[in-house]
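Engineer: File entry_30.cif below, mmCIF, C-alpha atoms and all ligand atoms:
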```cif
data_protein
loop_
_atom_site.label_atom_id
_atom_site.label_comp_id
_atom_site.auth_asym_id
_atom_site.auth_seq_id
_atom_site.Cartn_x
_atom_site.Cartn_y
_atom_site.Cartn_z
CA MET A 287 0.00 0.00 0.00
CA LEU A 288 1.14 3.55 -0.79
CA LEU A 289 0.51 6.43 1.57
CA ARG A 290 1.32 10.09 2.20
CA ARG A 291 0.48 12.73 4.78
CA CYS A 292 -2.72 14.74 4.50
CA ALA A 293 -2.41 18.07 2.65
CA ILE A 294 -2.76 20.50 5.55
CA LEU A 295 -1.75 19.70 9.11
CA TYR A 296 -0.76 21.81 12.11
CA MET A 297 0.35 20.49 15.46
CA GLU A 298 -0.19 22.34 18.72
CA PRO A 299 1.48 21.53 22.04
CA ARG A 300 -1.65 22.15 24.15
CA GLU A 301 -1.15 22.89 27.84
CA ASP A 302 -3.79 21.65 30.23
CA LEU A 303 -3.81 23.20 33.69
CA HIS A 304 -5.41 21.27 36.52
CA LEU A 305 -5.63 21.26 40.28
CA ASP A 306 -3.36 18.74 41.97
CA LEU A 307 -5.28 17.94 45.16
CA LYS A 308 -2.47 15.87 46.69
CA ALA A 309 -0.06 18.78 46.28
CA LEU A 310 -2.67 21.15 47.67
CA PHE A 311 -2.98 19.11 50.90
CA ALA A 312 0.80 18.74 51.08
CA GLY A 313 1.02 22.54 50.99
CA THR A 314 2.99 22.73 47.73
CA SER A 315 1.96 24.28 44.40
CA ALA A 316 -1.57 23.09 43.68
CA LEU A 317 -1.51 23.89 39.95
CA ASP A 318 -0.22 21.18 37.71
CA SER A 319 0.12 21.22 33.96
CA SER A 320 0.46 18.62 31.24
CA VAL A 321 1.19 19.14 27.58
CA GLN A 322 -0.51 17.12 24.87
CA TRP A 323 0.09 17.22 21.11
CA VAL A 324 -3.09 18.17 19.28
CA ALA A 325 -3.24 17.61 15.51
CA LEU A 326 -5.38 20.10 13.58
CA ALA A 327 -6.27 18.99 10.06
CA PRO A 328 -8.98 20.91 8.15
CA HIS A 329 -10.12 17.88 6.17
CA ILE A 330 -11.00 16.19 9.48
CA GLY A 331 -12.27 19.32 11.24
CA ARG A 332 -11.87 17.78 14.72
CA GLU A 333 -9.02 18.09 17.18
CA LEU A 334 -7.05 14.85 17.44
CA ASN A 335 -4.76 13.96 20.32
CA ILE A 336 -1.56 12.31 19.16
CA ASN A 337 1.51 11.04 20.99
CA ALA A 338 5.14 12.05 20.52
CA ALA A 339 5.96 9.06 18.26
CA GLU A 340 3.00 9.86 15.98
CA MET A 341 4.01 13.52 15.90
CA MET A 342 7.56 12.58 14.88
CA ALA A 343 6.27 10.28 12.12
CA LEU A 344 4.03 13.02 10.72
CA GLY A 345 7.04 15.32 10.63
CA ARG A 346 8.89 12.83 8.43
CA ILE A 347 6.23 11.66 5.98
CA GLY A 348 5.62 14.14 3.18
CA ALA A 349 2.27 15.35 1.85
CA ALA A 350 3.24 15.32 -1.85
CA LEU A 351 4.87 12.02 -2.78
CA TRP A 352 3.39 8.57 -2.19
CA VAL A 353 5.64 6.21 -0.21
CA GLU A 354 5.44 2.49 0.60
CA ARG A 355 3.57 1.68 3.80
CA ALA A 356 6.12 -1.04 4.62
CA ASP A 357 8.96 1.53 4.55
CA CYS A 358 7.02 3.84 6.86
CA GLU A 359 6.28 0.99 9.22
CA GLN A 360 9.94 0.05 9.33
CA ARG A 361 10.88 3.62 10.27
CA HIS A 362 7.96 4.52 12.55
CA SER A 363 6.45 1.15 13.67
CA GLU A 364 3.33 -0.62 12.45
CA GLU A 365 1.33 0.67 15.38
CA VAL A 366 2.10 4.35 14.63
CA VAL A 367 1.28 4.02 10.92
CA ALA A 368 -1.96 2.13 11.62
CA ARG A 369 -3.15 4.76 14.11
CA LEU A 370 -2.32 7.68 11.80
CA LEU A 371 -4.20 5.99 8.95
CA GLU A 372 -7.14 5.40 11.26
CA LEU A 373 -7.15 9.05 12.34
CA GLY A 374 -7.04 10.16 8.68
CA LEU A 375 -3.76 12.04 9.12
CA LEU A 376 -2.03 9.62 6.76
CA ILE A 377 -3.82 9.06 3.47
CA ALA A 378 -3.90 5.71 1.69
CA HIS A 379 -3.48 5.81 -2.09
CA GLY A 380 -6.49 3.56 -2.63
CA GLY A 381 -7.19 0.78 -5.07
CA GLU A 382 -6.53 -1.89 -2.43
CA PRO A 383 -9.09 -4.71 -2.30
CA ASP A 384 -11.26 -4.54 0.85
CA GLU A 385 -10.08 -1.05 1.73
CA PRO A 386 -11.79 0.03 4.97
CA ALA A 387 -14.42 2.75 4.38
CA GLN A 388 -12.63 5.00 6.85
CA LEU A 389 -9.50 5.19 4.65
CA ALA A 390 -11.55 6.00 1.57
CA SER A 391 -13.45 8.69 3.43
CA ALA A 392 -10.25 10.36 4.73
CA ARG A 393 -8.86 10.32 1.17
CA ASP A 394 -12.05 11.89 -0.23
CA ARG A 395 -11.91 14.72 2.32
CA ASP A 396 -8.20 15.27 1.64
CA THR A 397 -8.82 15.28 -2.13
CA ALA A 398 -11.67 17.78 -1.71
CA LEU A 399 -9.42 20.04 0.34
CA ARG A 400 -6.55 19.86 -2.16
CA ALA A 401 -8.91 20.72 -5.03
CA GLN A 402 -10.00 24.03 -3.45
CA HIS A 403 -6.53 25.65 -3.15
CA TRP A 404 -7.05 27.02 0.37
CA HIS A 405 -4.25 28.93 2.05
CA SER A 406 -3.36 26.50 4.84
CA LEU A 407 -3.85 28.95 7.72
CA ALA A 408 -7.17 30.12 6.27
CA ALA A 409 -8.38 26.53 5.98
CA LEU A 410 -7.42 25.98 9.59
CA THR A 411 -9.05 29.20 10.78
CA HIS A 412 -12.25 28.53 8.91
CA THR A 413 -12.76 24.89 9.78
CA PHE A 414 -11.81 25.20 13.45
CA THR A 415 -13.77 28.36 14.25
CA ARG A 416 -17.13 27.02 13.11
CA TRP A 417 -19.79 26.48 15.76
CA GLU A 418 -22.36 23.74 16.00
CA ASP A 419 -24.38 24.19 19.19
CA VAL A 420 -23.28 27.49 20.60
CA CYS A 421 -25.81 29.66 22.36
CA ALA A 422 -24.52 33.20 21.82
CA GLU A 423 -26.96 34.72 24.24
CA THR A 424 -25.54 33.10 27.35
CA GLY A 425 -22.11 32.52 25.84
CA THR A 426 -21.34 36.21 25.56
CA ARG A 427 -23.77 37.54 28.17
CA PHE A 428 -24.95 39.97 25.52
CA PRO A 429 -25.69 42.84 25.85
CA SER A 430 -24.54 43.73 29.32
CA PHE A 431 -21.75 46.25 29.04
CA ASP A 432 -21.97 46.72 32.81
CA LEU A 433 -20.82 43.14 33.35
CA LEU A 434 -17.99 43.60 30.85
CA GLN A 435 -16.89 46.75 32.61
CA ALA A 436 -17.04 45.07 36.02
CA GLU A 437 -14.84 42.26 34.77
CA TYR A 438 -12.40 44.05 32.44
CA GLY A 439 -12.51 47.68 33.55
CA PRO A 440 -13.42 50.48 31.14
CA PRO A 441 -13.09 49.78 27.41
CA PRO A 442 -10.18 51.22 25.44
CA PRO A 443 -10.98 54.75 24.16
CA THR A 444 -13.23 55.23 21.14
CA THR A 445 -10.32 56.52 19.01
CA LEU A 446 -6.68 57.52 19.00
CA GLU A 447 -5.34 61.00 19.57
CA PHE A 448 -2.24 62.31 17.79
CA GLY A 449 -0.62 65.57 18.84
CA THR A 450 -2.51 68.43 20.40
CA GLU A 451 -5.70 70.02 19.11
CA ASP A 452 -3.89 73.17 17.92
CA HIS A 453 -2.14 71.00 15.29
CA ASP A 454 -5.43 69.62 13.92
CA VAL A 455 -6.29 70.33 10.28
CA VAL A 456 -9.89 71.40 10.75
CA LEU A 457 -12.23 70.00 8.08
CA PRO A 458 -15.45 71.54 6.78
CA ALA A 459 -18.68 70.00 8.04
CA PRO A 460 -20.04 67.37 5.60
CA ALA A 461 -22.44 68.80 3.06
CA ASP A 462 -25.84 67.16 2.80
CA GLY A 463 -25.96 64.29 0.30
CA THR A 464 -28.56 62.07 -1.27
CA LEU A 465 -27.32 59.02 0.65
CA ASP A 466 -27.63 60.75 4.00
CA LYS A 467 -31.19 59.72 4.71
CA VAL A 468 -30.45 56.01 4.51
CA LEU A 469 -26.96 56.26 5.96
CA LEU A 470 -28.13 58.13 9.02
CA ASN A 471 -31.17 55.93 9.59
CA ARG A 472 -29.35 52.62 9.20
CA TYR A 473 -29.11 50.63 12.40
CA THR A 474 -29.02 47.01 13.51
CA CYS A 475 -32.53 45.92 14.37
CA ARG A 476 -33.00 43.63 17.37
CA ASN A 477 -36.74 44.11 17.71
CA PHE A 478 -38.63 42.76 14.71
CA ASP A 479 -42.40 42.79 14.51
CA PRO A 480 -43.04 39.03 14.90
CA ASP A 481 -46.26 39.14 12.88
CA ALA A 482 -45.41 41.44 9.96
CA SER A 483 -44.48 39.81 6.68
CA LEU A 484 -42.35 41.26 3.89
CA PRO A 485 -44.08 42.26 0.66
CA LEU A 486 -42.66 40.14 -2.14
CA ALA A 487 -41.70 43.16 -4.26
CA LEU A 488 -39.68 44.58 -1.38
CA ALA A 489 -37.87 41.29 -0.73
CA ALA A 490 -37.19 40.90 -4.46
CA ARG A 491 -35.69 44.39 -4.76
CA LEU A 492 -33.43 43.82 -1.75
CA LEU A 493 -32.18 40.52 -3.12
CA GLN A 494 -31.63 41.76 -6.65
CA ARG A 495 -29.93 45.01 -5.71
CA THR A 496 -27.72 43.36 -3.09
CA PHE A 497 -26.96 39.88 -4.35
CA GLY A 498 -28.12 40.08 -7.94
CA ALA A 499 -26.03 40.65 -11.04
CA GLN A 500 -26.62 44.08 -12.52
CA GLU A 501 -24.68 42.94 -15.59
CA GLN A 502 -22.59 40.04 -16.84
CA ARG A 503 -19.26 40.88 -18.44
CA LEU A 504 -16.38 38.96 -19.92
CA MET A 505 -13.60 38.67 -17.35
CA SER A 506 -11.33 40.39 -19.87
CA PRO A 507 -11.92 41.70 -23.41
CA THR A 508 -9.85 38.80 -24.76
CA ALA A 509 -11.33 36.06 -22.54
CA THR A 510 -12.25 33.08 -24.68
CA ALA A 511 -12.76 30.27 -22.16
CA PRO A 512 -16.44 29.31 -21.86
CA GLY A 513 -17.87 30.80 -18.70
CA ALA A 514 -15.08 33.36 -18.26
CA LEU A 515 -17.66 35.78 -16.98
CA ALA A 516 -17.72 38.28 -14.16
CA LEU A 517 -20.88 39.49 -12.47
CA LYS A 518 -21.25 43.19 -11.84
CA LYS A 519 -22.98 43.78 -8.53
CA THR A 520 -23.67 46.86 -6.43
CA SER A 521 -20.93 45.91 -3.94
CA PRO A 522 -17.25 45.45 -4.70
CA SER A 523 -15.72 41.96 -4.63
CA GLY A 524 -12.10 40.83 -4.39
CA GLY A 525 -10.86 39.94 -7.88
CA SER A 526 -14.33 40.72 -9.24
CA LEU A 527 -15.17 37.09 -8.52
CA HIS A 528 -18.28 37.46 -6.34
CA PRO A 529 -17.96 34.04 -4.69
CA MET A 530 -20.73 34.77 -2.18
CA GLU A 531 -23.88 32.73 -2.65
CA ALA A 532 -27.07 33.91 -0.94
CA TYR A 533 -29.27 31.23 0.64
CA ILE A 534 -32.60 32.57 1.77
CA LEU A 535 -34.48 31.35 4.82
CA VAL A 536 -38.02 32.53 4.29
CA GLN A 537 -40.27 32.79 7.32
CA ARG A 538 -42.82 35.43 6.27
CA VAL A 539 -42.53 36.70 2.71
CA ASP A 540 -45.84 37.27 0.94
CA GLY A 541 -46.47 34.61 -1.67
CA VAL A 542 -43.42 32.48 -0.80
CA SER A 543 -43.72 29.32 1.32
CA PRO A 544 -41.51 29.14 4.37
CA GLY A 545 -38.34 27.25 3.56
CA LEU A 546 -34.79 27.38 2.28
CA TYR A 547 -33.99 28.78 -1.16
CA HIS A 548 -30.96 29.67 -3.23
CA TYR A 549 -31.10 33.10 -4.79
CA HIS A 550 -29.93 32.94 -8.39
CA PRO A 551 -28.10 36.22 -9.03
CA VAL A 552 -28.44 36.19 -12.81
CA ARG A 553 -31.93 34.79 -13.33
CA HIS A 554 -33.30 36.62 -10.27
CA VAL A 555 -35.28 33.65 -9.01
CA LEU A 556 -35.51 31.71 -5.77
CA GLN A 557 -34.54 28.10 -6.23
CA PRO A 558 -36.37 25.96 -3.64
CA LEU A 559 -34.10 23.72 -1.58
CA ARG A 560 -36.28 22.66 1.35
CA THR A 561 -39.84 23.40 2.30
CA LEU A 562 -40.33 24.01 6.01
CA ASP A 563 -43.35 24.75 8.12
CA ALA A 564 -43.29 27.97 10.14
CA GLU A 565 -42.11 26.19 13.27
CA GLN A 566 -39.28 24.38 11.49
CA ALA A 567 -38.21 27.61 9.79
CA TYR A 568 -38.07 29.43 13.13
CA LYS A 569 -36.14 26.56 14.77
CA LEU A 570 -33.59 26.63 11.96
CA ALA A 571 -33.27 30.43 12.17
CA PHE A 572 -32.88 30.26 15.96
CA ASP A 573 -30.22 27.53 15.76
CA ALA A 574 -28.44 29.26 12.89
CA VAL A 575 -28.09 32.60 14.72
CA ALA A 576 -26.88 30.78 17.84
CA ASN A 577 -30.08 31.34 19.85
CA GLN A 578 -30.09 35.12 19.31
CA HIS A 579 -33.88 35.31 19.53
CA TRP A 580 -33.77 39.01 18.60
CA PHE A 581 -32.75 38.01 15.07
CA ALA A 582 -34.48 34.63 14.76
CA ASN A 583 -37.94 36.05 14.10
CA ALA A 584 -36.94 38.25 11.15
CA PRO A 585 -39.20 37.37 8.21
CA MET A 586 -36.27 36.85 5.84
CA LEU A 587 -32.74 35.74 6.66
CA VAL A 588 -29.89 35.48 4.19
CA VAL A 589 -27.00 33.07 4.72
CA MET A 590 -23.86 34.31 2.99
CA ALA A 591 -21.71 31.33 2.01
CA ALA A 592 -18.62 31.82 -0.14
CA ARG A 593 -18.03 29.31 -2.90
CA VAL A 594 -14.31 29.27 -2.20
CA GLU A 595 -13.20 27.64 -5.44
CA ARG A 596 -14.45 30.72 -7.34
CA ASN A 597 -12.11 33.01 -5.40
CA PHE A 598 -9.25 30.53 -4.99
CA TRP A 599 -9.32 29.81 -8.74
CA LYS A 600 -7.50 33.13 -9.06
CA TYR A 601 -6.07 33.58 -5.56
CA ARG A 602 -4.59 30.10 -5.09
CA LYS A 603 -3.33 29.45 -1.58
CA HIS A 604 -3.23 33.23 -1.33
CA ALA A 605 -2.52 34.79 2.06
CA LYS A 606 -5.28 37.40 1.61
CA SER A 607 -8.06 35.43 -0.03
CA TYR A 608 -9.93 34.42 3.12
CA ARG A 609 -9.81 38.02 4.31
CA ALA A 610 -11.29 39.06 0.97
CA LEU A 611 -14.19 36.61 1.45
CA THR A 612 -15.09 38.11 4.80
CA LEU A 613 -14.76 41.64 3.41
CA ASP A 614 -17.08 40.69 0.54
CA ALA A 615 -19.70 39.59 3.08
CA GLY A 616 -19.31 42.89 4.91
CA HIS A 617 -19.84 44.94 1.76
CA LEU A 618 -22.91 42.94 0.77
CA SER A 619 -24.36 43.33 4.22
CA GLN A 620 -23.97 47.11 4.25
CA THR A 621 -25.61 47.34 0.84
CA PHE A 622 -28.42 45.16 2.18
CA TYR A 623 -28.81 47.37 5.27
CA LEU A 624 -29.00 50.54 3.18
CA LEU A 625 -31.53 49.12 0.73
CA ALA A 626 -33.63 47.86 3.63
CA THR A 627 -33.51 51.27 5.30
CA GLU A 628 -34.53 52.96 2.06
CA ALA A 629 -37.48 50.56 1.78
CA GLY A 630 -38.65 51.31 5.33
CA VAL A 631 -37.55 48.02 6.89
CA SER A 632 -34.66 47.29 9.23
CA ALA A 633 -31.77 44.88 8.92
CA PHE A 634 -29.18 42.96 10.91
CA ILE A 635 -25.98 41.00 10.40
CA THR A 636 -24.42 38.44 12.69
CA ALA A 637 -21.22 36.45 12.53
CA ALA A 638 -22.13 34.64 15.76
CA ILE A 639 -23.66 31.72 13.94
CA ASN A 640 -23.73 27.93 14.16
CA GLU A 641 -22.19 27.35 10.75
CA ILE A 642 -22.33 23.57 11.14
CA LYS A 643 -26.13 23.66 11.61
CA VAL A 644 -26.42 25.83 8.49
CA GLU A 645 -24.14 23.54 6.47
CA GLN A 646 -26.23 20.54 7.51
CA ALA A 647 -29.50 22.24 6.59
CA LEU A 648 -28.17 23.31 3.20
CA GLY A 649 -26.03 20.25 2.52
CA LEU A 650 -22.86 22.32 2.17
CA ASP A 651 -19.33 20.97 2.49
CA PRO A 652 -17.35 23.45 4.63
CA LEU A 653 -14.21 22.78 2.59
CA LYS A 654 -16.03 24.11 -0.50
CA HIS A 655 -18.61 26.52 0.89
CA ALA A 656 -17.51 28.87 3.66
CA VAL A 657 -20.53 30.05 5.61
CA ILE A 658 -19.44 33.53 6.70
CA ALA A 659 -22.39 35.43 8.15
CA ILE A 660 -26.16 35.77 8.23
CA CYS A 661 -28.08 38.94 7.58
CA GLY A 662 -31.80 39.52 7.57
CA CYS A 663 -34.51 42.13 7.58
CA GLY A 664 -38.08 42.90 8.49
CA TYR A 665 -40.41 45.53 9.87
CA ALA A 666 -39.27 46.88 13.22
CA ALA A 667 -41.54 46.52 16.23
CA ALA A 668 -42.70 49.81 17.73
CA GLU A 669 -41.63 48.72 21.17
CA THR A 670 -38.00 47.88 21.84
CA THR A 671 -37.04 45.33 24.46
CA MET A 672 -33.58 44.57 23.07
CA VAL A 673 -30.88 47.19 22.84
CA GLU A 674 -30.50 49.07 19.53
CA PHE A 675 -29.00 52.20 18.00
CA ARG A 676 -32.31 53.08 16.37
CA GLN A 677 -32.51 56.75 15.33
CA GLY A 678 -33.45 58.91 18.28
CA ASP A 679 -33.57 55.89 20.59
CA LEU A 680 -30.34 55.12 22.36
CA THR A 681 -32.00 53.72 25.45
CA GLY A 682 -29.92 51.24 27.31
CA TRP A 683 -26.55 52.56 26.10
C1 LIG A 701 -19.45 41.41 11.46
C2 LIG A 701 -20.55 41.81 12.39
C3 LIG A 701 -21.06 40.88 13.27
C4 LIG A 701 -22.10 41.21 14.14
N1 LIG A 701 -22.59 40.26 14.97
C5 LIG A 701 -23.63 40.57 15.78
C6 LIG A 701 -24.19 39.60 16.65
O1 LIG A 701 -23.76 38.47 16.69
N2 LIG A 701 -25.24 39.94 17.45
C7 LIG A 701 -25.76 41.20 17.43
O2 LIG A 701 -26.73 41.45 18.15
N3 LIG A 701 -25.24 42.16 16.61
C8 LIG A 701 -24.21 41.88 15.81
N4 LIG A 701 -23.69 42.82 14.94
C9 LIG A 701 -24.29 44.16 14.94
C10 LIG A 701 -23.45 45.12 15.75
O3 LIG A 701 -23.58 44.81 17.11
C11 LIG A 701 -23.91 46.55 15.45
O4 LIG A 701 -23.53 46.86 14.16
C12 LIG A 701 -23.31 47.52 16.44
O5 LIG A 701 -23.87 47.38 17.72
C13 LIG A 701 -23.53 48.97 16.00
O6 LIG A 701 -24.89 49.23 15.86
P1 LIG A 701 -25.53 49.77 14.51
O7 LIG A 701 -25.34 48.73 13.46
O8 LIG A 701 -26.97 49.99 14.85
O9 LIG A 701 -24.80 51.03 14.16
C14 LIG A 701 -22.65 42.53 14.11
C15 LIG A 701 -22.12 43.46 13.21
C16 LIG A 701 -21.09 43.10 12.36
C17 LIG A 701 -20.58 44.12 11.39
#
```
Output the file's structure as structure tokens, nothing else.

Structural biologist:
Amino acid sequence: MLLRRCAILYMEPREDLHLDLKALFAGTSALDSSVQWVALAPHIGRELNINAAEMMALGRIGAALWVERADCEQRHSEEVVARLLELGLLIAHGGEPDEPAQLASARDRDTALRAQHWHSLAALTHTFTRWEDVCAETGTRFPSFDLLQAEYGPPPPTTLEFGTEDHDVVLPAPADGTLDKVLLNRYTCRNFDPDASLPLALAARLLQRTFGAQEQRLMSPTATAPGALALKKTSPSGGSLHPMEAYILVQRVDGVSPGLYHYHPVRHVLQPLRTLDAEQAYKLAFDAVANQHWFANAPMLVVMAARVERNFWKYRKHAKSYRALTLDAGHLSQTFYLLATEAGVSAFITAAINEIKVEQALGLDPLKHAVIAICGCGYAAAETTMVEFRQGDLTGW
């Protein structure tokens, strides 16, 4: 059998601090620590404890060339090689009769990862910072700034100061502009009217003007490859690639059944993925936004998931490409907020999301589709129980 190391692998010497009760009663230092090697491989997506011998073997078996298993076993022992294959950190070439399913599955994940051209640190960051069952409400004790202040002291100042005021270059006050009305009224809504639904025309305009293609252009005037097209949208996108797909969770949009849809940016249609009843749609929204109930009842939520191969096709293993994906999501969200404000509804964005729940609901492979954030919109409730920066209403801050 031939084998090689998986494509991306980082090893962390993880320190675990614990109370040593014996030492405590003996009157010596009660804190004890042990260090354990933790292997972090994006194609597995789970932390794996490994021992020193396994760590050494992984440091000597390359990720590019296939080598004979027997040679590896001679150098690192049969036991070490078998365990690393079982963990999926060593990849079997395949083609062996009766190959265990586990080896084939590890190879498939490794092949999928290699095919995307992730920057290794970005792959690690993305796969290991996803949440599955996090409850953001209790996890971050939102929104009590008093508690934060009690624990950490006052926050750092709102801005930096350079020099003294007499050196300032004084600027003229901003002139009024046509964007002012929406810019100054934009805020993050945390109090949606739970009964109001979105008119279809309003939802359609928001989707088209935020996520839709305003034009299709050739990537370059001389581009000849079929499909060498760029979409022109109202927000900028790194490399003009627009990798962000918009998946719509409909709860209350007039004329559209609750469920999950893909918004097609060129044809301007919703492509049904899963029909849900109102209760299932709410449960999914609630889980997806990590129990932030103030967002879960918005009539329309939009999952922004980057199709990474679109961006990494150009920016292969690029140090900045993951940053560009998150910036793309930020631009789209601000455009969405402004369009919502203009239309008389309010919007939100959250990055505190249970990506794994979203991936499962949409059937997305995290190595190929990076779920970055969720935004949404709806009519604001007249009464506010959750804290907001709504115009003229800064209660609670
Ligand atoms: C990337 C990003 C993530 C955010 N995540 C959350 C969140 O998880 N929960 C929340 O209530 N608000 C979230 N917000 C909204 C901010 O809290 C909000 O923008 C901020 O309080 C300023 O208020 P404003 O948008 O009304 O000006 C997020 C905003 C951004 C840009």

Engineer: Using all atoms listed in the file, can you tell me which of A:Trp404, A:Phe311, A:Phe448, A:Tyr296 comes closest to Tyr608 in chain A?

Structural biologist: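 Closest candidate: A:Trp404.
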
Engineer: Restricting the calculation to only C-alpha atoms, which member of A:Leu556, A:Leu469, A:Ala343, A:Leu457 is positioned closest to Thr621 in chain A?

Structural biologist: A:Leu469

Engineer: Calculated over all atoms listed in the file, which of the candidates A:Thr474, A:Gln566, A:Ser315, A:Thr612 has the smallest distance to ligand LIG 701 (chain A)?

Structural biologist: A:Thr474

Engineer: Pick from A:Phe431, A:Asp357, A:His403, A:His554: nearest to Val673 in chain A, with all atoms listed in the file counted?

Structural biologist: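 Once distances to Val673 in chain A are computed over all atoms listed in the file, the minimum belongs to A:Phe431.
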
Engineer: Under the rule of at most 10 Å, produce a per-residue listing of chain A near ligand LIG 701 (chain A): chain, number, name, the closest pair of atoms, and the distance in Å, as a tab-separated table, using all atoms listed in the file.

Structural biologist:
```
residue	atom	partner	partner_atom	distance
A:Ala422	CA	A:LIG701	O1	7.4
A:Glu423	CA	A:LIG701	N2	8.7
A:Thr426	CA	A:LIG701	O1	9.5
A:Phe428	CA	A:LIG701	O2	7.7
A:Pro429	CA	A:LIG701	O2	7.9
A:Leu469	CA	A:LIG701	O9	10.0
A:Leu470	CA	A:LIG701	O9	9.4
A:Asn471	CA	A:LIG701	O8	9.0
A:Arg472	CA	A:LIG701	O8	6.7
A:Tyr473	CA	A:LIG701	O8	3.3
A:Thr474	CA	A:LIG701	O8	3.9
A:Cys475	CA	A:LIG701	O8	6.9
A:Arg476	CA	A:LIG701	O2	6.7
A:Val575	CA	A:LIG701	O1	7.6
A:Ala576	CA	A:LIG701	O1	8.4
A:Gln578	CA	A:LIG701	N2	7.1
A:His579	CA	A:LIG701	O2	9.5
A:Trp580	CA	A:LIG701	O2	7.5
A:Phe581	CA	A:LIG701	O2	7.6
A:Thr612	CA	A:LIG701	C1	8.6
A:Leu613	CA	A:LIG701	C1	9.3
A:Ala615	CA	A:LIG701	C1	8.6
A:Gly616	CA	A:LIG701	C1	6.7
A:His617	CA	A:LIG701	C17	9.7
A:Ser619	CA	A:LIG701	C17	8.1
A:Gln620	CA	A:LIG701	C17	8.5
A:Tyr623	CA	A:LIG701	O7	9.0
A:Ser632	CA	A:LIG701	O8	9.9
A:Ala633	CA	A:LIG701	O7	8.8
A:Phe634	CA	A:LIG701	C9	6.4
A:Ile635	CA	A:LIG701	C14	5.2
A:Thr636	CA	A:LIG701	N1	3.4
A:Ala637	CA	A:LIG701	C3	4.5
A:Ala638	CA	A:LIG701	O1	4.3
A:Ile639	CA	A:LIG701	O1	7.3
A:Ile658	CA	A:LIG701	C1	9.2
A:Ala659	CA	A:LIG701	C1	7.4
A:Ile660	CA	A:LIG701	C3	8.8
A:Cys661	CA	A:LIG701	C4	9.2
A:Met672	CA	A:LIG701	O2	9.0
A:Val673	CA	A:LIG701	O2	8.5
A:Glu674	CA	A:LIG701	O8	5.9
A:Phe675	CA	A:LIG701	O8	4.4
A:Arg676	CA	A:LIG701	O8	6.4
A:Gln677	CA	A:LIG701	O8	8.8
A:Leu680	CA	A:LIG701	O8	9.7
```

Engineer: How would the residues just picked look written out with C-alpha atoms as an mmCIF file, keeping the file's coordinate frame?

Structural biologist:
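Contents of the output file again.cif:
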```
data_model
loop_
_atom_site.group_PDB
_atom_site.id
_atom_site.type_symbol
_atom_site.label_atom_id
_atom_site.label_comp_id
_atom_site.auth_asym_id
_atom_site.auth_seq_id
_atom_site.Cartn_x
_atom_site.Cartn_y
_atom_site.Cartn_z
ATOM 1 C CA ALA A 422 -24.520 33.200 21.820
ATOM 2 C CA GLU A 423 -26.960 34.720 24.240
ATOM 3 C CA THR A 426 -21.340 36.210 25.560
ATOM 4 C CA PHE A 428 -24.950 39.970 25.520
ATOM 5 C CA PRO A 429 -25.690 42.840 25.850
ATOM 6 C CA LEU A 469 -26.960 56.260 5.960
ATOM 7 C CA LEU A 470 -28.130 58.130 9.020
ATOM 8 C CA ASN A 471 -31.170 55.930 9.590
ATOM 9 C CA ARG A 472 -29.350 52.620 9.200
ATOM 10 C CA TYR A 473 -29.110 50.630 12.400
ATOM 11 C CA THR A 474 -29.020 47.010 13.510
ATOM 12 C CA CYS A 475 -32.530 45.920 14.370
ATOM 13 C CA ARG A 476 -33.000 43.630 17.370
ATOM 14 C CA VAL A 575 -28.090 32.600 14.720
ATOM 15 C CA ALA A 576 -26.880 30.780 17.840
ATOM 16 C CA GLN A 578 -30.090 35.120 19.310
ATOM 17 C CA HIS A 579 -33.880 35.310 19.530
ATOM 18 C CA TRP A 580 -33.770 39.010 18.600
ATOM 19 C CA PHE A 581 -32.750 38.010 15.070
ATOM 20 C CA THR A 612 -15.090 38.110 4.800
ATOM 21 C CA LEU A 613 -14.760 41.640 3.410
ATOM 22 C CA ALA A 615 -19.700 39.590 3.080
ATOM 23 C CA GLY A 616 -19.310 42.890 4.910
ATOM 24 C CA HIS A 617 -19.840 44.940 1.760
ATOM 25 C CA SER A 619 -24.360 43.330 4.220
ATOM 26 C CA GLN A 620 -23.970 47.110 4.250
ATOM 27 C CA TYR A 623 -28.810 47.370 5.270
ATOM 28 C CA SER A 632 -34.660 47.290 9.230
ATOM 29 C CA ALA A 633 -31.770 44.880 8.920
ATOM 30 C CA PHE A 634 -29.180 42.960 10.910
ATOM 31 C CA ILE A 635 -25.980 41.000 10.400
ATOM 32 C CA THR A 636 -24.420 38.440 12.690
ATOM 33 C CA ALA A 637 -21.220 36.450 12.530
ATOM 34 C CA ALA A 638 -22.130 34.640 15.760
ATOM 35 C CA ILE A 639 -23.660 31.720 13.940
ATOM 36 C CA ILE A 658 -19.440 33.530 6.700
ATOM 37 C CA ALA A 659 -22.390 35.430 8.150
ATOM 38 C CA ILE A 660 -26.160 35.770 8.230
ATOM 39 C CA CYS A 661 -28.080 38.940 7.580
ATOM 40 C CA MET A 672 -33.580 44.570 23.070
ATOM 41 C CA VAL A 673 -30.880 47.190 22.840
ATOM 42 C CA GLU A 674 -30.500 49.070 19.530
ATOM 43 C CA PHE A 675 -29.000 52.200 18.000
ATOM 44 C CA ARG A 676 -32.310 53.080 16.370
ATOM 45 C CA GLN A 677 -32.510 56.750 15.330
ATOM 46 C CA LEU A 680 -30.340 55.120 22.360
#
```

Engineer: What's the separation between CA of His548 in chain A and CA of Ile642 in chain A, in Å to one decimal place?

Structural biologist: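 For CA of His548 in chain A relative to CA of Ile642 in chain A, the distance reads 17.8 Å.
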
Engineer: Counting only C-alpha atoms, which residue out of A:Ala605, A:Ala610, A:Ala461, A:Ala489 sits closest to Gly524 in chain A?

Structural biologist: A:Ala610
